[in-house]
Amino acid sequence: MSRARTGIRRAALLLVACILAAACGGSVQVSINSGTPPAGALAVVIGGLPAGTSGDVTVNGPSGFRQRLGSSATLSGLASGIYTVVAASVLSGTAAFFPQPATQQVTVGNGTASATVTYGSSQPFALALQAVASGLAEPVFLTSPANDTRLFIVERAGRIRVMQGGTLLATPFLDIASLTTTDGERGLLSMAFDPAYAANGRFYVYYTNSAGNITIARYQVSASNPNVADPAATILLTIPHPSFSNHNGGLLAFGPDGMLYLGTGDGGSEGDPSGNAQNLNSLLGKLLRIDVSGAQAYAIPPGNPFAGQPGRRSEIWASGLRNPWRFAFDNTDGTLYIADVGQDQHEEIDVVASATGGLNYGWNRTEGSACFGAPTCDMQGIAQPQLDYRHDANGGCAVVGGYVYRGSAMPPLRGRYLYSDLCSGWLRSFDFRDAAAEQLDWGITIPGNVLSFGTDAQGEIYVLADPFTSSGSGKVYRIVQRNTP
């Protein structure tokens with residue numbers, strides 16, 4: 001007999017029993033075994049770390065179960081099955097601690113199973129900068145196509161340079177200097193390769209045109225030379241930004257959902273005089289999300305929070321941003337990090353699950369976690385930053401967001417988000433665990449003004465800086481592990 005028919009029969013028996021009980025003036029208790037096994041538990045014991053240092057253990061199980069732990073805990077209410085416990089190395093100060101075992105499988109049944117992770121060995125761990133390219137004019141971005149060893153470096157004046165085999169090629173991959181200007185904060189600001197670049201040759205650029213308007217364009221690699229692009233462009237989106245030359249945002253990047261995300265500034269000047277960031281009928285001061293997979297310019301993806309609503313732009317994914325110069329997705333769990341440049345006192349980094357749309361990050365009601373321009377303000381409905389630092393305490397002026405390290409060269413750094421500041425040049429990181437940011441300063445001063453970070457196809461992270469002492473003085477540094485005695 002099928003499960004469905006068995007269920008119907010049991011329900012019928014229960015109904016008859018209840019009717020008989022009512023008729024006879026008595027009561028009947030019926031117990032039906034649903035066949036669902038009782039839930040189990042898993043006790044995870046984490047030890048061997050210095051006091052105050054969290055471990056990094058992830059438990060994966062049936063039906064997509066995933067739980068990340070920093071300390072010992074017992075997970076209850078688990079379905080029966082096999083659970084994989086994966087432990088990663090962690091940092092405590094300048095020492096890296098390594099777990100044993102790194103991976104183990106535990107079978108959870110009716111009782112309480114157990115898994116023990118011991119951080120039993122450590123070694124010194126520090127970071128350094130390794131120069132990989134020089135002679136660049138304001139390098140503002142770096143990226144690579146998937147499974148490609150080349151580096152593509154964006155110069156603000158309108159050129160994309162190719163670095164291949166350690167050599168900076170003389171011929172630009174793309175040159176749109178005639179289409180843009182470097183007035184104020186304008187210029188060619190970033191690029192992104194299509195996730196299917198190996199098959200379709202498409203890539204996208206974010207620049208301000210000669211009138212100052214934000215422009216998103218699609219290009220394609222030439223058919224004859226993989227190091228040169230076809231100059232023909234398809235303009236996907238133009239956002240008016242004519243009044244002021246600052247706060248242009250500047251990044252476009254594909255999210256884990258395959259959609260293209262764009263970070264736009266509030267329109268410029270100070271204090272957002274036009275109120276763009278809080279205006280849902282404006283594309284300025286926003287994080288936008290569009291679908292560029294089709295033949296048309298772009299489409300509105302399903303799930304955009306304001307799609308089809310009168311007086312609200314369907315492209316908007318999040319609002320209340322001042323100048324999100326750089327943002328990044330963690331390519332392991334999809335977490336979104338937005339580094340939003342502040343104005344007078346505060347710099348902020350917002351951290352949220354990438355599938356969470358419709359958030360308001362507060363500008364110009366708030367700057368960082370504080371009210372802007374007034375001692376009090378209405379905080380209702382505002383998503384608070386995960387990290388907020390003040391200019392006066394940190395010597396900074398504009399946060400420069402980086403990436404979560406997911407490369408293979410430095411395992412202890414995995415899972416840490418690296419960032420810097422345009423004016424201070426320090427290198428810092430934090431590990432976002434269970435809504436807590438565990439911070440670390442690496443004791444490095446990056447030469448020049450930090451303009452951006454970048455990643456290659458292997459997940460290694462680079463930082464781009466320019467001291468502006470002469471034309472073509474910009475450099476690219478790879479972040480590497482420093483040799484220690």
# chains A, B, ... in the order shown; residues from 1 in each chain; ligands from 1

call {"tool": "residues_around", "arguments": {"residues": "Ala79 of chain A", "least_positions_apart": "5", "cutoff": "8 Å", "atoms": "only C-alpha atoms", "output": "short mmCIF file (atom, residue, chain, number, x, y, z; two decimals) with C-alpha atoms, in the first residue's frame"}}
result
data_model
loop_
_atom_site.label_atom_id
_atom_site.label_comp_id
_atom_site.auth_asym_id
_atom_site.auth_seq_id
_atom_site.Cartn_x
_atom_site.Cartn_y
_atom_site.Cartn_z
CA PRO A 38 13.65 10.85 16.14
CA ALA A 39 16.06 13.78 15.77
CA GLY A 40 19.65 13.39 16.88
CA PRO A 62 21.71 16.31 4.93
CA VAL A 108 24.19 11.11 13.54
CA GLY A 109 21.41 8.79 14.65
#

call {"tool": "select_by_dssp", "arguments": {"residues": "segment 267-365 of chain A", "states": "strand (DSSP E)", "output": "list of chain:residue names"}}
result
A:Leu287, A:Leu288, A:Arg289, A:Ile290, A:Ile316, A:Trp317, A:Ala318, A:Arg326, A:Phe327, A:Ala328, A:Phe329, A:Leu336, A:Tyr337, A:Ile338, A:Ala339, A:Asp340, A:His346, A:Glu347, A:Glu348, A:Ile349, A:Asp350, A:Val351, A:Val352

call {"tool": "write_last_selection", "arguments": {"atoms": "N, CA and C atoms", "output": "tab-separated table (two decimals), in the first residue's frame"}}
result
chain	number	residue	atom	x	y	z
A	287	LEU	N	22.69	50.36	-4.85
A	287	LEU	CA	23.25	49.14	-5.44
A	287	LEU	C	22.18	48.63	-6.39
A	288	LEU	N	22.54	48.50	-7.66
A	288	LEU	CA	21.59	48.07	-8.69
A	288	LEU	C	21.86	46.62	-9.06
A	289	ARG	N	20.82	45.94	-9.54
A	289	ARG	CA	20.94	44.53	-9.94
A	289	ARG	C	20.19	44.34	-11.26
A	290	ILE	N	20.92	43.94	-12.30
A	290	ILE	CA	20.31	43.76	-13.62
A	290	ILE	C	20.75	42.43	-14.23
A	316	ILE	N	16.76	48.81	-8.70
A	316	ILE	CA	17.35	49.01	-7.37
A	316	ILE	C	17.33	47.71	-6.56
A	317	TRP	N	18.48	47.40	-5.98
A	317	TRP	CA	18.61	46.27	-5.05
A	317	TRP	C	18.72	46.77	-3.60
A	318	ALA	N	19.45	47.88	-3.40
A	318	ALA	CA	19.59	48.48	-2.07
A	318	ALA	C	19.76	49.98	-2.23
A	326	ARG	N	33.75	50.50	-3.78
A	326	ARG	CA	34.06	49.08	-3.98
A	326	ARG	C	33.16	48.20	-3.11
A	327	PHE	N	32.69	47.11	-3.70
A	327	PHE	CA	31.97	46.09	-2.96
A	327	PHE	C	32.44	44.73	-3.47
A	328	ALA	N	32.10	43.66	-2.77
A	328	ALA	CA	32.60	42.34	-3.17
A	328	ALA	C	31.68	41.26	-2.65
A	329	PHE	N	31.63	40.16	-3.40
A	329	PHE	CA	30.93	38.96	-2.97
A	329	PHE	C	31.97	37.91	-2.55
A	336	LEU	N	27.79	39.46	0.85
A	336	LEU	CA	28.08	40.72	0.17
A	336	LEU	C	28.70	41.71	1.16
A	337	TYR	N	29.83	42.30	0.77
A	337	TYR	CA	30.52	43.32	1.55
A	337	TYR	C	30.49	44.63	0.76
A	338	ILE	N	29.93	45.69	1.34
A	338	ILE	CA	29.87	47.00	0.69
A	338	ILE	C	30.69	47.99	1.51
A	339	ALA	N	31.74	48.53	0.92
A	339	ALA	CA	32.54	49.57	1.58
A	339	ALA	C	32.05	50.92	1.07
A	340	ASP	N	31.30	51.62	1.92
A	340	ASP	CA	30.67	52.88	1.53
A	340	ASP	C	31.47	54.04	2.11
A	346	HIS	N	32.86	59.31	9.52
A	346	HIS	CA	32.73	57.85	9.59
A	346	HIS	C	32.92	57.18	8.23
A	347	GLU	N	33.57	56.00	8.28
A	347	GLU	CA	33.65	55.10	7.13
A	347	GLU	C	32.96	53.81	7.53
A	348	GLU	N	32.27	53.18	6.59
A	348	GLU	CA	31.51	51.99	6.96
A	348	GLU	C	31.68	50.85	5.97
A	349	ILE	N	31.54	49.63	6.51
A	349	ILE	CA	31.49	48.42	5.70
A	349	ILE	C	30.23	47.67	6.12
A	350	ASP	N	29.36	47.42	5.15
A	350	ASP	CA	28.12	46.70	5.38
A	350	ASP	C	28.30	45.26	4.93
A	351	VAL	N	27.78	44.32	5.71
A	351	VAL	CA	27.90	42.90	5.40
A	351	VAL	C	26.51	42.28	5.49
A	352	VAL	N	26.13	41.57	4.43
A	352	VAL	CA	24.77	41.01	4.38
A	352	VAL	C	24.77	39.81	3.44

call {"tool": "select_by_dssp", "arguments": {"residues": "segment 239-456 of chain A", "states": "alpha helix (DSSP H)", "output": "ChimeraX atom specification"}}
result
/A:391-394

call {"tool": "residues_around", "arguments": {"residues": "Val341 of chain A", "least_positions_apart": "4", "cutoff": "8 Å", "atoms": "only C-alpha atoms", "output": "JSON, numbers by chain"}}
result
{"A": [322, 323, 324, 325, 347, 348, 398, 399, 400]}

call {"tool": "residues_around", "arguments": {"residues": "Pro302 of chain A", "least_positions_apart": "5", "cutoff": "12 Å", "atoms": "only C-alpha atoms", "output": "number ranges by chain"}}
result
A: 257, 259, 289-291, 307-308, 314-315, 317, 355, 357

call {"tool": "write_last_selection", "arguments": {"atoms": "C-alpha atoms", "output": "CSV table (one decimal), in the first residue's frame"}}
result
chain,number,residue,atom,x,y,z
A,257,ASP,CA,23.2,34.5,-8.9
A,259,MET,CA,23.2,39.0,-12.1
A,289,ARG,CA,20.9,44.5,-9.9
A,290,ILE,CA,20.3,43.8,-13.6
A,291,ASP,CA,20.2,40.7,-15.9
A,307,ALA,CA,10.2,45.8,-9.5
A,308,GLY,CA,7.0,47.1,-11.1
A,314,SER,CA,13.0,48.3,-10.7
A,315,GLU,CA,16.8,48.1,-11.0
A,317,TRP,CA,18.6,46.3,-5.1
A,355,ALA,CA,20.1,37.2,-1.4
A,357,GLY,CA,17.5,42.9,-1.1

call {"tool": "residues_around", "arguments": {"residues": "Gly415 of chain A", "least_positions_apart": "6", "cutoff": "7 Å", "atoms": "only C-alpha atoms", "output": "count of residues only"}}
result
4

call {"tool": "atom_distance", "arguments": {"atom1": "atom CA of Thr356 of chain A", "atom2": "atom CA of Phe141 of chain A"}}
result
26.3 Å

call {"tool": "closest_residue", "arguments": {"among": "A:Gln130, A:Thr171, A:Ser71, A:Asn394", "to": "Thr116 of chain A", "atoms": "only C-alpha atoms"}}
result
A:Ser71

call {"tool": "residues_around", "arguments": {"residues": "Gly64 of chain A", "least_positions_apart": "3", "cutoff": "12 Å", "atoms": "only C-alpha atoms", "output": "ChimeraX atom specification"}}
result
/A:59-61,67,78-79,81-84

call {"tool": "write_last_selection", "arguments": {"atoms": "C-alpha atoms", "output": "short mmCIF file (atom, residue, chain, number, x, y, z; two decimals), in the first residue's frame"}}
result
data_model
loop_
_atom_site.label_atom_id
_atom_site.label_comp_id
_atom_site.auth_asym_id
_atom_site.auth_seq_id
_atom_site.Cartn_x
_atom_site.Cartn_y
_atom_site.Cartn_z
CA VAL A 59 29.33 21.36 9.91
CA ASN A 60 27.59 20.25 6.71
CA GLY A 61 24.81 17.68 6.65
CA GLN A 67 26.41 25.56 10.65
CA LEU A 78 19.42 17.03 13.53
CA ALA A 79 18.13 14.66 10.92
CA GLY A 81 22.61 10.93 8.35
CA ILE A 82 26.26 11.63 7.70
CA TYR A 83 27.66 15.03 8.73
CA THR A 84 30.99 16.42 7.53
#

call {"tool": "residues_around", "arguments": {"residues": "Pro226 of chain A", "least_positions_apart": "3", "cutoff": "12 Å", "atoms": "only C-alpha atoms", "output": "PyMOL selection string"}}
result
chain A and resi 145+148+150+152+162+164+171-174+197-198+201-202+220-223+229-230

call {"tool": "write_last_selection", "arguments": {"atoms": "N, CA and C atoms", "output": "short mmCIF file (atom, residue, chain, number, x, y, z; two decimals), in the first residue's frame"}}
result
data_model
loop_
_atom_site.label_atom_id
_atom_site.label_comp_id
_atom_site.auth_asym_id
_atom_site.auth_seq_id
_atom_site.Cartn_x
_atom_site.Cartn_y
_atom_site.Cartn_z
N PRO A 145 39.72 36.92 -16.11
CA PRO A 145 38.66 35.97 -16.43
C PRO A 145 38.90 34.66 -15.69
N ASP A 148 42.18 31.89 -16.05
CA ASP A 148 43.09 32.64 -16.91
C ASP A 148 44.24 33.17 -16.06
N ARG A 150 46.26 35.68 -16.93
CA ARG A 150 46.53 37.10 -17.20
C ARG A 150 45.88 37.99 -16.15
N PHE A 152 44.22 41.87 -15.83
CA PHE A 152 43.69 43.00 -16.58
C PHE A 152 43.59 44.18 -15.61
N VAL A 162 46.95 44.76 -20.13
CA VAL A 162 47.08 43.32 -19.92
C VAL A 162 48.47 43.00 -19.41
N GLN A 164 50.79 39.80 -18.87
CA GLN A 164 50.86 38.39 -19.24
C GLN A 164 52.28 37.87 -19.00
N THR A 171 50.31 47.29 -25.88
CA THR A 171 49.02 47.59 -26.50
C THR A 171 47.89 47.36 -25.51
N PRO A 172 47.06 48.36 -25.24
CA PRO A 172 45.95 48.18 -24.31
C PRO A 172 44.94 47.16 -24.84
N PHE A 173 44.30 46.47 -23.91
CA PHE A 173 43.20 45.58 -24.25
C PHE A 173 42.04 46.40 -24.79
N LEU A 174 41.80 47.56 -24.17
CA LEU A 174 40.75 48.48 -24.61
C LEU A 174 41.19 49.89 -24.27
N TYR A 197 32.58 34.14 -20.14
CA TYR A 197 33.52 34.83 -21.03
C TYR A 197 34.27 33.88 -21.96
N ALA A 198 34.64 32.71 -21.49
CA ALA A 198 35.38 31.76 -22.32
C ALA A 198 34.59 31.37 -23.55
N GLY A 201 32.96 35.70 -24.88
CA GLY A 201 33.90 36.81 -25.04
C GLY A 201 33.40 38.16 -24.57
N ARG A 202 32.33 38.18 -23.77
CA ARG A 202 31.76 39.45 -23.33
C ARG A 202 32.42 39.97 -22.05
N GLN A 220 33.31 43.17 -26.43
CA GLN A 220 33.63 41.77 -26.72
C GLN A 220 35.07 41.68 -27.17
N VAL A 221 35.72 40.59 -26.79
CA VAL A 221 37.10 40.39 -27.21
C VAL A 221 37.12 40.19 -28.72
N SER A 222 38.20 40.62 -29.37
CA SER A 222 38.30 40.46 -30.83
C SER A 222 38.44 38.99 -31.19
N ALA A 223 38.05 38.66 -32.38
CA ALA A 223 38.12 37.27 -32.82
C ALA A 223 39.54 36.84 -33.16
N ALA A 229 40.51 43.93 -27.43
CA ALA A 229 39.05 43.90 -27.52
C ALA A 229 38.56 44.54 -28.80
N ASP A 230 37.40 44.13 -29.23
CA ASP A 230 36.71 44.80 -30.34
C ASP A 230 36.22 46.15 -29.82
#

call {"tool": "atom_distance", "arguments": {"atom1": "atom CA of Thr94 of chain A", "atom2": "atom CA of Arg482 of chain A"}}
result
11.1 Å

call {"tool": "closest_atom_pairs", "arguments": {"of": "segment 270-299 of chain A", "to": "segment 247-250 of chain A", "cutoff": "12 Å", "atoms": "only C-alpha atoms", "output": "JSON lines"}}
result
{"residue": "A:Glu270", "atom": "CA", "partner": "A:His247", "partner_atom": "CA", "distance": 9.4}
{"residue": "A:Gly271", "atom": "CA", "partner": "A:His247", "partner_atom": "CA", "distance": 11.0}
{"residue": "A:Asp272", "atom": "CA", "partner": "A:His247", "partner_atom": "CA", "distance": 9.6}
{"residue": "A:Asn276", "atom": "CA", "partner": "A:His247", "partner_atom": "CA", "distance": 11.6}
{"residue": "A:Ala277", "atom": "CA", "partner": "A:His247", "partner_atom": "CA", "distance": 11.3}
{"residue": "A:Leu283", "atom": "CA", "partner": "A:Gly249", "partner_atom": "CA", "distance": 11.3}
{"residue": "A:Leu284", "atom": "CA", "partner": "A:Asn248", "partner_atom": "CA", "distance": 8.5}
{"residue": "A:Gly285", "atom": "CA", "partner": "A:Gly249", "partner_atom": "CA", "distance": 8.0}
{"residue": "A:Lys286", "atom": "CA", "partner": "A:Gly249", "partner_atom": "CA", "distance": 8.9}
{"residue": "A:Leu287", "atom": "CA", "partner": "A:Gly249", "partner_atom": "CA", "distance": 9.5}
{"residue": "A:Leu288", "atom": "CA", "partner": "A:Gly249", "partner_atom": "CA", "distance": 11.3}

call {"tool": "write_last_selection", "arguments": {"atoms": "N, CA and C atoms", "output": "mmCIF file, in the first residue's frame"}}
result
data_model
loop_
_atom_site.group_PDB
_atom_site.id
_atom_site.type_symbol
_atom_site.label_atom_id
_atom_site.label_comp_id
_atom_site.auth_asym_id
_atom_site.auth_seq_id
_atom_site.Cartn_x
_atom_site.Cartn_y
_atom_site.Cartn_z
ATOM 1 N N GLU A 270 28.303 67.644 -1.306
ATOM 2 C CA GLU A 270 28.337 67.189 0.080
ATOM 3 C C GLU A 270 26.925 67.067 0.622
ATOM 4 N N GLY A 271 26.714 66.041 1.422
ATOM 5 C CA GLY A 271 25.432 65.899 2.098
ATOM 6 C C GLY A 271 24.289 65.429 1.221
ATOM 7 N N ASP A 272 24.573 65.019 -0.028
ATOM 8 C CA ASP A 272 23.537 64.580 -0.960
ATOM 9 C C ASP A 272 22.449 65.639 -1.101
ATOM 10 N N ASN A 276 19.249 62.027 -3.428
ATOM 11 C CA ASN A 276 19.161 60.869 -4.318
ATOM 12 C C ASN A 276 19.209 59.526 -3.584
ATOM 13 N N ALA A 277 20.058 59.430 -2.556
ATOM 14 C CA ALA A 277 20.274 58.128 -1.923
ATOM 15 C C ALA A 277 19.001 57.564 -1.305
ATOM 16 N N LEU A 283 18.395 56.331 -9.553
ATOM 17 C CA LEU A 283 19.368 55.239 -9.562
ATOM 18 C C LEU A 283 20.677 55.621 -8.880
ATOM 19 N N LEU A 284 20.781 56.834 -8.372
ATOM 20 C CA LEU A 284 22.001 57.281 -7.694
ATOM 21 C C LEU A 284 21.952 56.952 -6.206
ATOM 22 N N GLY A 285 23.126 56.663 -5.637
ATOM 23 C CA GLY A 285 23.203 56.293 -4.230
ATOM 24 C C GLY A 285 22.623 54.923 -3.957
ATOM 25 N N LYS A 286 22.826 54.004 -4.901
ATOM 26 C CA LYS A 286 22.179 52.694 -4.831
ATOM 27 C C LYS A 286 23.142 51.557 -5.178
ATOM 28 N N LEU A 287 22.694 50.360 -4.853
ATOM 29 C CA LEU A 287 23.247 49.144 -5.435
ATOM 30 C C LEU A 287 22.180 48.630 -6.387
ATOM 31 N N LEU A 288 22.542 48.499 -7.665
ATOM 32 C CA LEU A 288 21.593 48.066 -8.688
ATOM 33 C C LEU A 288 21.861 46.617 -9.056
#
